[in-house]
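*Asks:* Sharing structure13.cif (mmCIF, C-alpha atoms) below.
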```
data_data
#
loop_
_atom_site.group_PDB
_atom_site.id
_atom_site.type_symbol
_atom_site.label_atom_id
_atom_site.label_comp_id
_atom_site.auth_asym_id
_atom_site.auth_seq_id
_atom_site.Cartn_x
_atom_site.Cartn_y
_atom_site.Cartn_z
ATOM 1 C CA MET K 1 -8.989 53.957 -28.845
ATOM 2 C CA HIS K 2 -12.369 53.557 -27.181
ATOM 3 C CA ARG K 3 -13.618 52.154 -23.908
ATOM 4 C CA THR K 4 -16.174 49.728 -22.589
ATOM 5 C CA ASN K 5 -19.833 50.628 -23.050
ATOM 6 C CA ARG K 6 -21.221 52.232 -19.949
ATOM 7 C CA THR K 7 -24.367 51.013 -18.259
ATOM 8 C CA LEU K 8 -25.966 54.478 -18.111
ATOM 9 C CA ALA K 9 -27.432 56.315 -21.078
ATOM 10 C CA THR K 10 -25.561 59.488 -20.129
ATOM 11 C CA ALA K 11 -22.207 57.761 -20.557
ATOM 12 C CA GLY K 12 -20.062 57.429 -23.644
ATOM 13 C CA GLY K 13 -17.537 55.166 -25.253
ATOM 14 C CA LEU K 14 -17.108 51.837 -26.932
ATOM 15 C CA LEU K 15 -14.909 48.793 -26.505
ATOM 16 C CA LEU K 16 -11.233 49.324 -25.782
ATOM 17 C CA ALA K 17 -9.226 48.339 -28.826
ATOM 18 C CA THR K 18 -7.028 45.398 -27.915
ATOM 19 C CA ALA K 19 -3.396 44.959 -28.751
ATOM 20 C CA LEU K 20 -3.346 41.273 -29.638
ATOM 21 C CA THR K 21 -0.786 39.386 -27.649
ATOM 22 C CA CYS K 22 -0.518 35.679 -26.789
ATOM 23 C CA THR K 23 -1.059 33.638 -29.915
ATOM 24 C CA GLY K 24 -3.624 30.890 -29.702
ATOM 25 C CA THR K 25 -0.901 28.303 -30.230
ATOM 26 C CA ALA K 26 1.963 30.040 -28.435
ATOM 27 C CA MET K 27 2.303 27.415 -25.723
ATOM 28 C CA ALA K 28 1.144 24.396 -27.692
ATOM 29 C CA ALA K 29 4.592 22.829 -27.685
ATOM 30 C CA SER K 30 4.691 22.693 -23.894
ATOM 31 C CA SER K 31 3.244 20.021 -21.622
ATOM 32 C CA PRO K 32 -0.440 19.027 -22.046
ATOM 33 C CA VAL K 33 -3.054 20.798 -19.955
ATOM 34 C CA SER K 34 -4.846 18.695 -17.347
ATOM 35 C CA SER K 35 -8.189 19.405 -15.707
ATOM 36 C CA THR K 36 -6.480 19.337 -12.307
ATOM 37 C CA ALA K 37 -4.300 22.297 -13.334
ATOM 38 C CA VAL K 38 -7.376 24.493 -13.623
ATOM 39 C CA ALA K 39 -8.806 23.388 -10.282
ATOM 40 C CA ALA K 40 -5.497 23.581 -8.387
ATOM 41 C CA ASP K 41 -5.213 25.756 -5.280
ATOM 42 C CA CYS K 42 -4.756 29.361 -6.388
ATOM 43 C CA ARG K 43 -3.357 31.771 -3.807
ATOM 44 C CA PRO K 44 -0.032 33.313 -2.782
ATOM 45 C CA LEU K 45 2.146 30.291 -1.954
ATOM 46 C CA ALA K 46 4.930 32.230 -0.255
ATOM 47 C CA ASP K 47 5.317 35.380 1.809
ATOM 48 C CA ALA K 48 4.845 38.601 -0.143
ATOM 49 C CA PRO K 49 3.814 42.224 0.490
ATOM 50 C CA ALA K 50 0.097 42.963 0.673
ATOM 51 C CA GLN K 51 0.126 44.607 -2.765
ATOM 52 C CA ALA K 52 1.684 41.522 -4.361
ATOM 53 C CA GLN K 53 -0.830 39.268 -2.624
ATOM 54 C CA ALA K 54 -3.665 41.445 -3.935
ATOM 55 C CA ILE K 55 -2.396 41.023 -7.507
ATOM 56 C CA VAL K 56 -2.378 37.245 -7.082
ATOM 57 C CA ASN K 57 -5.825 37.207 -5.496
ATOM 58 C CA ALA K 58 -7.289 39.279 -8.335
ATOM 59 C CA ALA K 59 -5.865 36.853 -10.894
ATOM 60 C CA CYS K 60 -7.083 33.839 -8.922
ATOM 61 C CA SER K 61 -10.608 35.251 -8.903
ATOM 62 C CA GLN K 62 -10.666 34.440 -12.638
ATOM 63 C CA ILE K 63 -9.760 30.752 -12.348
ATOM 64 C CA GLY K 64 -11.874 28.748 -14.791
ATOM 65 C CA VAL K 65 -12.601 31.694 -17.137
ATOM 66 C CA PRO K 66 -11.949 30.686 -20.783
ATOM 67 C CA TYR K 67 -8.922 31.780 -22.762
ATOM 68 C CA SER K 68 -9.941 34.114 -25.602
ATOM 69 C CA TRP K 69 -7.387 35.573 -28.022
ATOM 70 C CA GLY K 70 -7.459 39.370 -27.624
ATOM 71 C CA GLY K 71 -10.065 39.020 -24.875
ATOM 72 C CA GLY K 72 -10.197 40.767 -21.512
ATOM 73 C CA SER K 73 -9.751 44.240 -20.081
ATOM 74 C CA VAL K 74 -9.013 45.892 -16.732
ATOM 75 C CA HIS K 75 -12.714 45.352 -15.932
ATOM 76 C CA GLY K 76 -12.894 41.619 -16.654
ATOM 77 C CA PRO K 77 -13.451 39.089 -19.454
ATOM 78 C CA THR K 78 -14.564 40.236 -22.918
ATOM 79 C CA TYR K 79 -15.152 38.539 -26.247
ATOM 80 C CA GLY K 80 -11.903 38.077 -28.126
ATOM 81 C CA GLN K 81 -10.999 37.868 -31.799
ATOM 82 C CA ASP K 82 -10.727 34.896 -34.112
ATOM 83 C CA TYR K 83 -7.152 33.642 -34.234
ATOM 84 C CA PRO K 84 -6.035 33.938 -37.894
ATOM 85 C CA GLY K 85 -3.946 30.778 -37.620
ATOM 86 C CA GLY K 86 -7.073 28.681 -37.142
ATOM 87 C CA GLY K 87 -7.105 25.823 -34.665
ATOM 88 C CA PRO K 88 -8.863 26.093 -31.283
ATOM 89 C CA GLY K 89 -8.790 29.903 -31.458
ATOM 90 C CA ALA K 90 -10.561 30.187 -34.816
ATOM 91 C CA HIS K 91 -13.823 31.153 -33.082
ATOM 92 C CA ASP K 92 -12.551 33.164 -30.111
ATOM 93 C CA SER K 93 -14.793 36.091 -31.117
ATOM 94 C CA GLN K 94 -17.547 33.924 -29.620
ATOM 95 C CA VAL K 95 -15.608 33.197 -26.417
ATOM 96 C CA LYS K 96 -15.734 35.588 -23.448
ATOM 97 C CA GLY K 97 -12.487 35.441 -21.536
ATOM 98 C CA PHE K 98 -8.868 36.598 -21.289
ATOM 99 C CA ASP K 99 -5.679 36.220 -23.226
ATOM 100 C CA CYS K 100 -2.454 36.096 -21.226
ATOM 101 C CA SER K 101 -1.600 39.799 -21.204
ATOM 102 C CA HIS K 102 -5.128 40.951 -20.411
ATOM 103 C CA LEU K 103 -5.349 38.584 -17.435
ATOM 104 C CA VAL K 104 -2.111 40.133 -16.137
ATOM 105 C CA GLN K 105 -3.401 43.639 -16.885
ATOM 106 C CA TYR K 106 -6.668 42.890 -15.057
ATOM 107 C CA ALA K 107 -4.904 41.483 -11.987
ATOM 108 C CA ALA K 108 -2.466 44.397 -11.740
ATOM 109 C CA TRP K 109 -5.255 46.962 -12.017
ATOM 110 C CA GLN K 110 -7.902 45.316 -9.854
ATOM 111 C CA GLY K 111 -5.447 44.104 -7.251
ATOM 112 C CA ALA K 112 -3.115 47.068 -6.910
ATOM 113 C CA GLY K 113 -4.255 49.947 -9.134
ATOM 114 C CA ILE K 114 -1.222 49.400 -11.380
ATOM 115 C CA ALA K 115 -1.825 50.384 -15.015
ATOM 116 C CA LEU K 116 0.124 48.049 -17.281
ATOM 117 C CA PRO K 117 0.331 48.732 -21.021
ATOM 118 C CA GLU K 118 -1.284 46.614 -23.729
ATOM 119 C CA GLY K 119 0.672 43.718 -25.208
ATOM 120 C CA THR K 120 3.042 41.138 -23.732
ATOM 121 C CA TRP K 121 6.109 42.817 -25.250
ATOM 122 C CA ASN K 122 5.142 46.200 -23.783
ATOM 123 C CA GLN K 123 4.411 44.680 -20.386
ATOM 124 C CA ALA K 124 7.790 42.909 -20.455
ATOM 125 C CA ARG K 125 9.539 46.248 -21.037
ATOM 126 C CA TRP K 126 7.336 48.281 -18.656
ATOM 127 C CA SER K 127 9.323 51.189 -17.237
ATOM 128 C CA GLY K 128 7.475 51.031 -13.903
ATOM 129 C CA ALA K 129 8.941 47.644 -12.929
ATOM 130 C CA THR K 130 10.419 47.740 -9.414
ATOM 131 C CA ALA K 131 12.808 44.813 -10.032
ATOM 132 C CA ARG K 132 13.915 42.571 -12.898
ATOM 133 C CA PHE K 133 15.191 39.014 -12.917
ATOM 134 C CA THR K 134 17.192 37.360 -15.680
ATOM 135 C CA ARG K 135 16.684 33.982 -17.249
ATOM 136 C CA ALA K 136 19.851 32.762 -15.539
ATOM 137 C CA GLN K 137 18.463 33.585 -12.075
ATOM 138 C CA GLY K 138 15.561 31.190 -12.548
ATOM 139 C CA ILE K 139 12.671 31.498 -10.090
ATOM 140 C CA ALA K 140 14.643 31.427 -6.829
ATOM 141 C CA PRO K 141 14.484 35.221 -6.218
ATOM 142 C CA LEU K 142 10.830 35.602 -7.205
ATOM 143 C CA GLN K 143 7.875 36.416 -4.960
ATOM 144 C CA PRO K 144 4.130 35.954 -5.589
ATOM 145 C CA GLY K 145 2.788 38.588 -7.969
ATOM 146 C CA ASP K 146 5.924 38.755 -10.133
ATOM 147 C CA LEU K 147 5.377 38.448 -13.893
ATOM 148 C CA LEU K 148 6.990 35.552 -15.764
ATOM 149 C CA LEU K 149 7.986 35.990 -19.423
ATOM 150 C CA TRP K 150 8.522 33.795 -22.480
ATOM 151 C CA GLY K 151 9.825 34.951 -25.863
ATOM 152 C CA THR K 152 11.030 33.573 -29.161
ATOM 153 C CA ASP K 153 14.386 35.214 -28.368
ATOM 154 C CA PRO K 154 14.739 35.288 -24.578
ATOM 155 C CA ALA K 155 17.457 37.944 -24.806
ATOM 156 C CA ASN K 156 15.031 40.319 -26.560
ATOM 157 C CA LEU K 157 12.059 41.441 -24.458
ATOM 158 C CA GLY K 158 10.420 42.710 -27.638
ATOM 159 C CA SER K 159 9.919 39.055 -28.631
ATOM 160 C CA VAL K 160 7.903 38.157 -25.510
ATOM 161 C CA HIS K 161 4.694 36.373 -26.518
ATOM 162 C CA HIS K 162 3.482 34.897 -23.223
ATOM 163 C CA ILE K 163 3.207 36.245 -19.684
ATOM 164 C CA ALA K 164 1.959 34.760 -16.416
ATOM 165 C CA ILE K 165 1.794 35.578 -12.688
ATOM 166 C CA TYR K 166 3.957 33.769 -10.164
ATOM 167 C CA LEU K 167 2.216 32.230 -7.137
ATOM 168 C CA GLY K 168 5.285 30.882 -5.332
ATOM 169 C CA ASN K 169 6.553 27.334 -4.819
ATOM 170 C CA GLY K 170 7.156 26.856 -8.556
ATOM 171 C CA LYS K 171 3.520 27.547 -9.495
ATOM 172 C CA MET K 172 1.905 30.257 -11.631
ATOM 173 C CA ILE K 173 -1.512 31.343 -12.874
ATOM 174 C CA GLU K 174 -1.933 31.896 -16.601
ATOM 175 C CA ALA K 175 -4.343 32.279 -19.494
ATOM 176 C CA ARG K 176 -2.477 29.769 -21.589
ATOM 177 C CA GLU K 177 -4.016 29.153 -25.007
ATOM 178 C CA SER K 178 -7.298 28.864 -26.883
ATOM 179 C CA GLY K 179 -9.437 25.954 -25.809
ATOM 180 C CA THR K 180 -8.260 26.083 -22.180
ATOM 181 C CA LEU K 181 -9.335 27.903 -19.030
ATOM 182 C CA VAL K 182 -7.416 30.296 -16.761
ATOM 183 C CA MET K 183 -5.388 27.823 -14.694
ATOM 184 C CA VAL K 184 -2.635 27.138 -12.198
ATOM 185 C CA SER K 185 0.426 25.570 -13.839
ATOM 186 C CA ASP K 186 3.989 24.582 -13.028
ATOM 187 C CA VAL K 187 6.437 27.304 -14.104
ATOM 188 C CA ARG K 188 8.035 26.246 -17.389
ATOM 189 C CA ILE K 189 11.763 26.991 -17.370
ATOM 190 C CA ASN K 190 12.286 26.054 -20.997
ATOM 191 C CA SER K 191 14.310 27.401 -23.920
ATOM 192 C CA GLN K 192 11.960 30.402 -24.294
ATOM 193 C CA TYR K 193 11.876 31.497 -20.646
ATOM 194 C CA ALA K 194 12.942 35.167 -20.656
ATOM 195 C CA GLY K 195 13.042 36.041 -16.958
ATOM 196 C CA ALA K 196 10.600 37.993 -14.811
ATOM 197 C CA LEU K 197 9.737 41.428 -13.500
ATOM 198 C CA ARG K 198 8.269 42.733 -10.264
ATOM 199 C CA ILE K 199 5.415 45.221 -10.379
ATOM 200 C CA ALA K 200 4.503 45.272 -6.683
ATOM 201 C CA GLY K 201 5.740 48.435 -5.015
ATOM 202 C CA ALA K 202 4.769 50.650 -7.944
ATOM 203 C CA GLU K 203 3.336 54.099 -7.248
ATOM 204 C CA GLN K 204 -0.046 53.989 -5.518
ATOM 205 C CA PRO K 205 -2.918 56.531 -5.557
ATOM 206 C CA PRO K 206 -2.377 59.416 -3.107
ATOM 207 C CA THR K 207 -4.478 59.345 0.058
ATOM 208 C CA GLY K 208 -8.027 60.491 -0.574
ATOM 209 C CA THR K 209 -8.005 59.739 -4.309
ATOM 210 C CA LYS K 210 -9.209 56.831 -6.407
ATOM 211 C CA ARG K 211 -7.437 55.583 -9.528
ATOM 212 C CA PHE K 212 -9.137 55.144 -12.907
ATOM 213 C CA MET K 213 -8.032 54.617 -16.499
ATOM 214 C CA THR K 214 -8.860 57.091 -19.239
ATOM 215 C CA TRP K 215 -9.615 56.189 -22.835
ATOM 216 C CA GLY K 216 -9.008 58.026 -26.083
ATOM 217 C CA THR K 217 -6.088 60.025 -27.390
ATOM 218 C CA ASP K 218 -5.213 63.707 -27.002
ATOM 219 C CA VAL K 219 -7.781 64.127 -24.210
ATOM 220 C CA SER K 220 -7.978 67.706 -22.912
ATOM 221 C CA LEU K 221 -7.540 68.656 -19.248
ATOM 222 C CA ARG K 222 -9.327 71.901 -18.336
ATOM 223 C CA PRO K 223 -8.922 74.557 -15.622
ATOM 224 C CA ASP K 224 -12.606 74.199 -14.697
ATOM 225 C CA PRO K 225 -15.365 71.658 -15.470
ATOM 226 C CA SER K 226 -16.129 73.069 -18.898
ATOM 227 C CA THR K 227 -14.658 73.419 -22.381
ATOM 228 C CA ARG K 228 -14.888 77.215 -22.395
ATOM 229 C CA GLN K 229 -11.229 77.815 -21.503
ATOM 230 C CA PRO K 230 -8.158 76.453 -23.334
ATOM 231 C CA PRO K 231 -6.749 73.111 -22.128
ATOM 232 C CA VAL K 232 -4.043 73.217 -19.467
ATOM 233 C CA GLY K 233 -2.737 69.861 -20.659
ATOM 234 C CA ARG K 234 -3.539 66.781 -22.726
ATOM 235 C CA LEU K 235 -3.314 63.022 -22.195
ATOM 236 C CA PRO K 236 -1.763 61.481 -25.334
ATOM 237 C CA GLY K 237 -3.351 58.066 -24.775
ATOM 238 C CA PRO K 238 -5.016 55.862 -22.132
ATOM 239 C CA THR K 239 -3.590 56.990 -18.783
ATOM 240 C CA ALA K 240 -4.014 56.091 -15.111
ATOM 241 C CA VAL K 241 -5.397 59.143 -13.294
ATOM 242 C CA ASP K 242 -6.057 59.727 -9.596
ATOM 243 C CA VAL K 243 -9.424 61.406 -8.989
ATOM 244 C CA LEU K 244 -10.002 63.512 -5.860
ATOM 245 C CA CYS K 245 -13.654 64.457 -6.388
ATOM 246 C CA GLN K 246 -16.272 65.021 -9.086
ATOM 247 C CA ALA K 247 -18.814 67.693 -9.899
ATOM 248 C CA ARG K 248 -21.493 68.636 -12.411
ATOM 249 C CA GLY K 249 -20.324 70.910 -15.186
ATOM 250 C CA GLU K 250 -20.724 71.515 -18.887
ATOM 251 C CA SER K 251 -22.263 68.636 -20.845
ATOM 252 C CA VAL K 252 -19.817 66.868 -23.159
ATOM 253 C CA THR K 253 -20.850 64.671 -26.076
ATOM 254 C CA ALA K 254 -18.663 61.928 -27.535
ATOM 255 C CA GLU K 255 -19.594 59.030 -29.815
ATOM 256 C CA GLY K 256 -23.286 59.845 -29.482
ATOM 257 C CA TYR K 257 -23.358 59.966 -25.676
ATOM 258 C CA THR K 258 -23.636 62.963 -23.375
ATOM 259 C CA ASN K 259 -22.389 63.380 -19.809
ATOM 260 C CA ASP K 260 -22.148 66.447 -17.554
ATOM 261 C CA ALA K 261 -19.950 64.904 -14.815
ATOM 262 C CA TRP K 262 -16.325 66.053 -14.418
ATOM 263 C CA SER K 263 -13.479 64.818 -12.220
ATOM 264 C CA TYR K 264 -10.720 66.822 -10.550
ATOM 265 C CA LEU K 265 -7.173 65.471 -10.957
ATOM 266 C CA PRO K 266 -4.883 66.951 -8.280
ATOM 267 C CA LYS K 267 -1.715 65.740 -10.035
ATOM 268 C CA TYR K 268 -2.515 67.975 -13.005
ATOM 269 C CA LYS K 269 -4.469 70.622 -11.069
ATOM 270 C CA ALA K 270 -7.079 70.218 -13.770
ATOM 271 C CA TRP K 271 -10.470 68.733 -14.648
ATOM 272 C CA ILE K 272 -11.371 65.928 -17.050
ATOM 273 C CA SER K 273 -14.819 65.080 -18.389
ATOM 274 C CA ASN K 274 -15.979 61.746 -16.960
ATOM 275 C CA ILE K 275 -16.923 60.737 -20.464
ATOM 276 C CA TYR K 276 -13.215 60.055 -21.035
ATOM 277 C CA ILE K 277 -12.788 57.904 -17.919
ATOM 278 C CA ASN K 278 -12.972 54.191 -18.610
ATOM 279 C CA ASP K 279 -15.510 53.052 -16.044
ATOM 280 C CA PRO K 280 -18.948 51.466 -16.547
ATOM 281 C CA ALA K 281 -20.592 54.217 -14.462
ATOM 282 C CA ALA K 282 -21.031 57.799 -15.675
ATOM 283 C CA TRP K 283 -20.856 59.102 -12.077
ATOM 284 C CA LEU K 284 -17.710 57.454 -10.729
ATOM 285 C CA PRO K 285 -18.299 55.053 -7.812
ATOM 286 C CA GLY K 286 -16.544 55.767 -4.542
ATOM 287 C CA VAL K 287 -15.588 59.328 -5.521
ATOM 288 C CA PRO K 288 -17.070 62.180 -3.421
ATOM 289 C CA THR K 289 -18.666 65.327 -4.773
ATOM 290 C CA CYS K 290 -16.402 68.352 -4.870
#
```
Please express what this file holds, its structure, as structure tokens.

*Replies:*
Amino acid sequence: MHRTNRTLATAGGLLLATALTCTGTAMAASSPVSSTAVAADCRPLADAPAQAQAIVNAACSQIGVPYSWGGGSVHGPTYGQDYPGGGPGAHDSQVKGFDCSHLVQYAAWQGAGIALPEGTWNQARWSGATARFTRAQGIAPLQPGDLLLWGTDPANLGSVHHIAIYLGNGKMIEARESGTLVMVSDVRINSQYAGALRIAGAEQPPTGTKRFMTWGTDVSLRPDPSTRQPPVGRLPGPTAVDVLCQARGESVTAEGYTNDAWSYLPKYKAWISNIYINDPAAWLPGVPTC
């Protein structure tokens, strides 16, 4: 599991491996897409907490970006992968954009610092949800920023193959299918609608810290900014971490890149090499020096 290439030569990492989610034809059986759907007003259409509004606004900032199967990350659009079923998604490796789950992941992270997992089925079952709504409840109890779900078996969240963000007033924003753009649509309460979940209200970074995602597996946390002492803990996979400050320390090399910047994580009372933090900059923006 790697991360996006950094813009500085002292940084390390490659592209985050994507967990492929929305199929290029997943929503093909639903109503045709019109050009007005893409250009429709995109904003919170009902009252909602500031965090929920921020999630919506982050998603709406991507209106008009192409759908790309497997495309997108917490940082923005990326080139996707060719859909093996052919059709409009057969050349998505040449299309820079989002699939449905990565648009949701981007909006949650950029809008509210909420780290959602990869994959529609994992997002549907996310343990950090602050509320859940059944299929039978429809959209009446929803607020902007809630996540709408569709699955082949609506009673089984593991079957969820499409996810979108509710705007209010029966509207949603979605990355729908190959050959279309990120758009505003009417919520489809059809035979595959599987309910919704609320992510607003999830744990936020403590005061004075800034949240980032790590990359890699089994990443060591150290008692000081070096590798000389044994780890005090490990991160099993990509993890949201709250950084208090950063400092120069021992140089670390990974995947052919070298970086001597380290970040202090107060939650763990430990240090992590910045080379394992998934950000385009080697020296993290907005984080003070220790």

*Asks:* Restricting the calculation to only C-alpha atoms, which member of K:Arg234, K:Lys171, K:Arg248, K:Arg211 is positioned closest to Cys42 (chain K)?

*Replies:* K:Lys171

*Asks:* First collect every listed atom of region 167-185 of chain K; then fit an axis-aligned box around them, widen it by 5 Å on each side, and give centre and edge lengths in Å to one decimal, as JSON.

*Replies:*
```
{"center_x": -1.1, "center_y": 28.9, "center_z": -15.9, "size_x": 26.6, "size_y": 16.7, "size_z": 32.1}
```

*Asks:* Using only C-alpha atoms, which residue out of K:Gln53, K:Thr152, K:Thr209, K:Ser226 lies closest to Ala112 (chain K)?

*Replies:*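 The closest residue to Ala112 (chain K) is K:Gln53.
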
*Asks:* Please report the interatomic distance between CA of Gln229 (chain K) and CA of Lys267 (chain K) in Å with one decimal.

*Replies:*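 Between CA of Gln229 (chain K) and CA of Lys267 (chain K) the gap works out to 19.2 Å.
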
*Asks:* Just so the selection is clear, what residues does the PyMOL selection byres ((chain K and resi 290) around 7) cover here, as a count of residues only?

*Replies:* 5

*Asks:* For region 133-140 of chain K, find every residue with an atom within 7 Å (counting all atoms listed in the file), except residues of its own chain fewer than 2 positions away, and show them as JSON, numbers by chain.

*Replies:* {"K": [131, 142, 193, 194, 195, 196, 197]}

*Asks:* Since the input lacks atoms, please generate N, CA and C atoms for region 92-119 of chain K and provide them as a PDB file, in the coordinates of the input.

*Replies:*
```pdb
ATOM      1  N   ASP K  92     -12.657  32.485 -31.398  1.00  0.00           N
ATOM      2  CA  ASP K  92     -12.551  33.164 -30.111  1.00  0.00           C
ATOM      3  C   ASP K  92     -13.380  34.451 -30.039  1.00  0.00           C
ATOM      4  N   SER K  93     -13.884  34.945 -31.173  1.00  0.00           N
ATOM      5  CA  SER K  93     -14.793  36.091 -31.117  1.00  0.00           C
ATOM      6  C   SER K  93     -16.109  35.713 -30.447  1.00  0.00           C
ATOM      7  N   GLN K  94     -16.345  34.410 -30.285  1.00  0.00           N
ATOM      8  CA  GLN K  94     -17.547  33.924 -29.620  1.00  0.00           C
ATOM      9  C   GLN K  94     -17.260  33.446 -28.197  1.00  0.00           C
ATOM     10  N   VAL K  95     -16.019  33.654 -27.747  1.00  0.00           N
ATOM     11  CA  VAL K  95     -15.608  33.197 -26.417  1.00  0.00           C
ATOM     12  C   VAL K  95     -15.305  34.402 -25.532  1.00  0.00           C
ATOM     13  N   LYS K  96     -15.951  34.491 -24.385  1.00  0.00           N
ATOM     14  CA  LYS K  96     -15.734  35.588 -23.448  1.00  0.00           C
ATOM     15  C   LYS K  96     -14.686  35.167 -22.431  1.00  0.00           C
ATOM     16  N   GLY K  97     -13.552  35.845 -22.442  1.00  0.00           N
ATOM     17  CA  GLY K  97     -12.487  35.441 -21.536  1.00  0.00           C
ATOM     18  C   GLY K  97     -11.308  36.387 -21.573  1.00  0.00           C
ATOM     19  N   PHE K  98     -10.122  35.835 -21.333  1.00  0.00           N
ATOM     20  CA  PHE K  98      -8.868  36.598 -21.289  1.00  0.00           C
ATOM     21  C   PHE K  98      -7.827  35.943 -22.182  1.00  0.00           C
ATOM     22  N   ASP K  99      -6.951  36.761 -22.775  1.00  0.00           N
ATOM     23  CA  ASP K  99      -5.679  36.220 -23.226  1.00  0.00           C
ATOM     24  C   ASP K  99      -4.670  36.485 -22.118  1.00  0.00           C
ATOM     25  N   CYS K 100      -3.415  36.062 -22.333  1.00  0.00           N
ATOM     26  CA  CYS K 100      -2.454  36.096 -21.226  1.00  0.00           C
ATOM     27  C   CYS K 100      -2.188  37.514 -20.729  1.00  0.00           C
ATOM     28  N   SER K 101      -1.977  38.453 -21.641  1.00  0.00           N
ATOM     29  CA  SER K 101      -1.600  39.799 -21.204  1.00  0.00           C
ATOM     30  C   SER K 101      -2.762  40.540 -20.558  1.00  0.00           C
ATOM     31  N   HIS K 102      -3.977  40.267 -21.010  1.00  0.00           N
ATOM     32  CA  HIS K 102      -5.128  40.951 -20.411  1.00  0.00           C
ATOM     33  C   HIS K 102      -5.476  40.387 -19.038  1.00  0.00           C
ATOM     34  N   LEU K 103      -5.190  39.107 -18.795  1.00  0.00           N
ATOM     35  CA  LEU K 103      -5.349  38.584 -17.435  1.00  0.00           C
ATOM     36  C   LEU K 103      -4.369  39.284 -16.500  1.00  0.00           C
ATOM     37  N   VAL K 104      -3.120  39.443 -16.941  1.00  0.00           N
ATOM     38  CA  VAL K 104      -2.111  40.133 -16.137  1.00  0.00           C
ATOM     39  C   VAL K 104      -2.511  41.594 -15.920  1.00  0.00           C
ATOM     40  N   GLN K 105      -2.979  42.240 -16.974  1.00  0.00           N
ATOM     41  CA  GLN K 105      -3.401  43.639 -16.885  1.00  0.00           C
ATOM     42  C   GLN K 105      -4.558  43.788 -15.898  1.00  0.00           C
ATOM     43  N   TYR K 106      -5.521  42.873 -15.973  1.00  0.00           N
ATOM     44  CA  TYR K 106      -6.668  42.890 -15.057  1.00  0.00           C
ATOM     45  C   TYR K 106      -6.204  42.740 -13.610  1.00  0.00           C
ATOM     46  N   ALA K 107      -5.336  41.759 -13.348  1.00  0.00           N
ATOM     47  CA  ALA K 107      -4.904  41.483 -11.987  1.00  0.00           C
ATOM     48  C   ALA K 107      -4.121  42.659 -11.401  1.00  0.00           C
ATOM     49  N   ALA K 108      -3.256  43.260 -12.216  1.00  0.00           N
ATOM     50  CA  ALA K 108      -2.466  44.397 -11.740  1.00  0.00           C
ATOM     51  C   ALA K 108      -3.360  45.576 -11.392  1.00  0.00           C
ATOM     52  N   TRP K 109      -4.372  45.813 -12.229  1.00  0.00           N
ATOM     53  CA  TRP K 109      -5.255  46.962 -12.017  1.00  0.00           C
ATOM     54  C   TRP K 109      -6.219  46.732 -10.854  1.00  0.00           C
ATOM     55  N   GLN K 110      -6.901  45.588 -10.888  1.00  0.00           N
ATOM     56  CA  GLN K 110      -7.902  45.316  -9.854  1.00  0.00           C
ATOM     57  C   GLN K 110      -7.262  45.050  -8.503  1.00  0.00           C
ATOM     58  N   GLY K 111      -6.086  44.438  -8.506  1.00  0.00           N
ATOM     59  CA  GLY K 111      -5.447  44.104  -7.251  1.00  0.00           C
ATOM     60  C   GLY K 111      -4.686  45.254  -6.623  1.00  0.00           C
ATOM     61  N   ALA K 112      -4.033  46.079  -7.462  1.00  0.00           N
ATOM     62  CA  ALA K 112      -3.115  47.068  -6.910  1.00  0.00           C
ATOM     63  C   ALA K 112      -3.194  48.428  -7.566  1.00  0.00           C
ATOM     64  N   GLY K 113      -4.150  48.651  -8.472  1.00  0.00           N
ATOM     65  CA  GLY K 113      -4.255  49.947  -9.134  1.00  0.00           C
ATOM     66  C   GLY K 113      -3.056  50.268 -10.003  1.00  0.00           C
ATOM     67  N   ILE K 114      -2.392  49.227 -10.513  1.00  0.00           N
ATOM     68  CA  ILE K 114      -1.222  49.400 -11.380  1.00  0.00           C
ATOM     69  C   ILE K 114      -1.679  49.304 -12.824  1.00  0.00           C
ATOM     70  N   ALA K 115      -1.386  50.328 -13.611  1.00  0.00           N
ATOM     71  CA  ALA K 115      -1.825  50.384 -15.015  1.00  0.00           C
ATOM     72  C   ALA K 115      -0.714  49.867 -15.911  1.00  0.00           C
ATOM     73  N   LEU K 116      -0.843  48.629 -16.347  1.00  0.00           N
ATOM     74  CA  LEU K 116       0.124  48.049 -17.281  1.00  0.00           C
ATOM     75  C   LEU K 116      -0.287  48.368 -18.704  1.00  0.00           C
ATOM     76  N   PRO K 117       0.668  48.468 -19.624  1.00  0.00           N
ATOM     77  CA  PRO K 117       0.331  48.732 -21.021  1.00  0.00           C
ATOM     78  C   PRO K 117      -0.271  47.505 -21.701  1.00  0.00           C
ATOM     79  N   GLU K 118      -0.771  47.707 -22.908  1.00  0.00           N
ATOM     80  CA  GLU K 118      -1.284  46.614 -23.729  1.00  0.00           C
ATOM     81  C   GLU K 118      -0.119  45.839 -24.339  1.00  0.00           C
ATOM     82  N   GLY K 119      -0.281  44.539 -24.473  1.00  0.00           N
ATOM     83  CA  GLY K 119       0.672  43.718 -25.208  1.00  0.00           C
ATOM     84  C   GLY K 119       1.751  43.120 -24.326  1.00  0.00           C
TER      85      GLY K 119
END
```
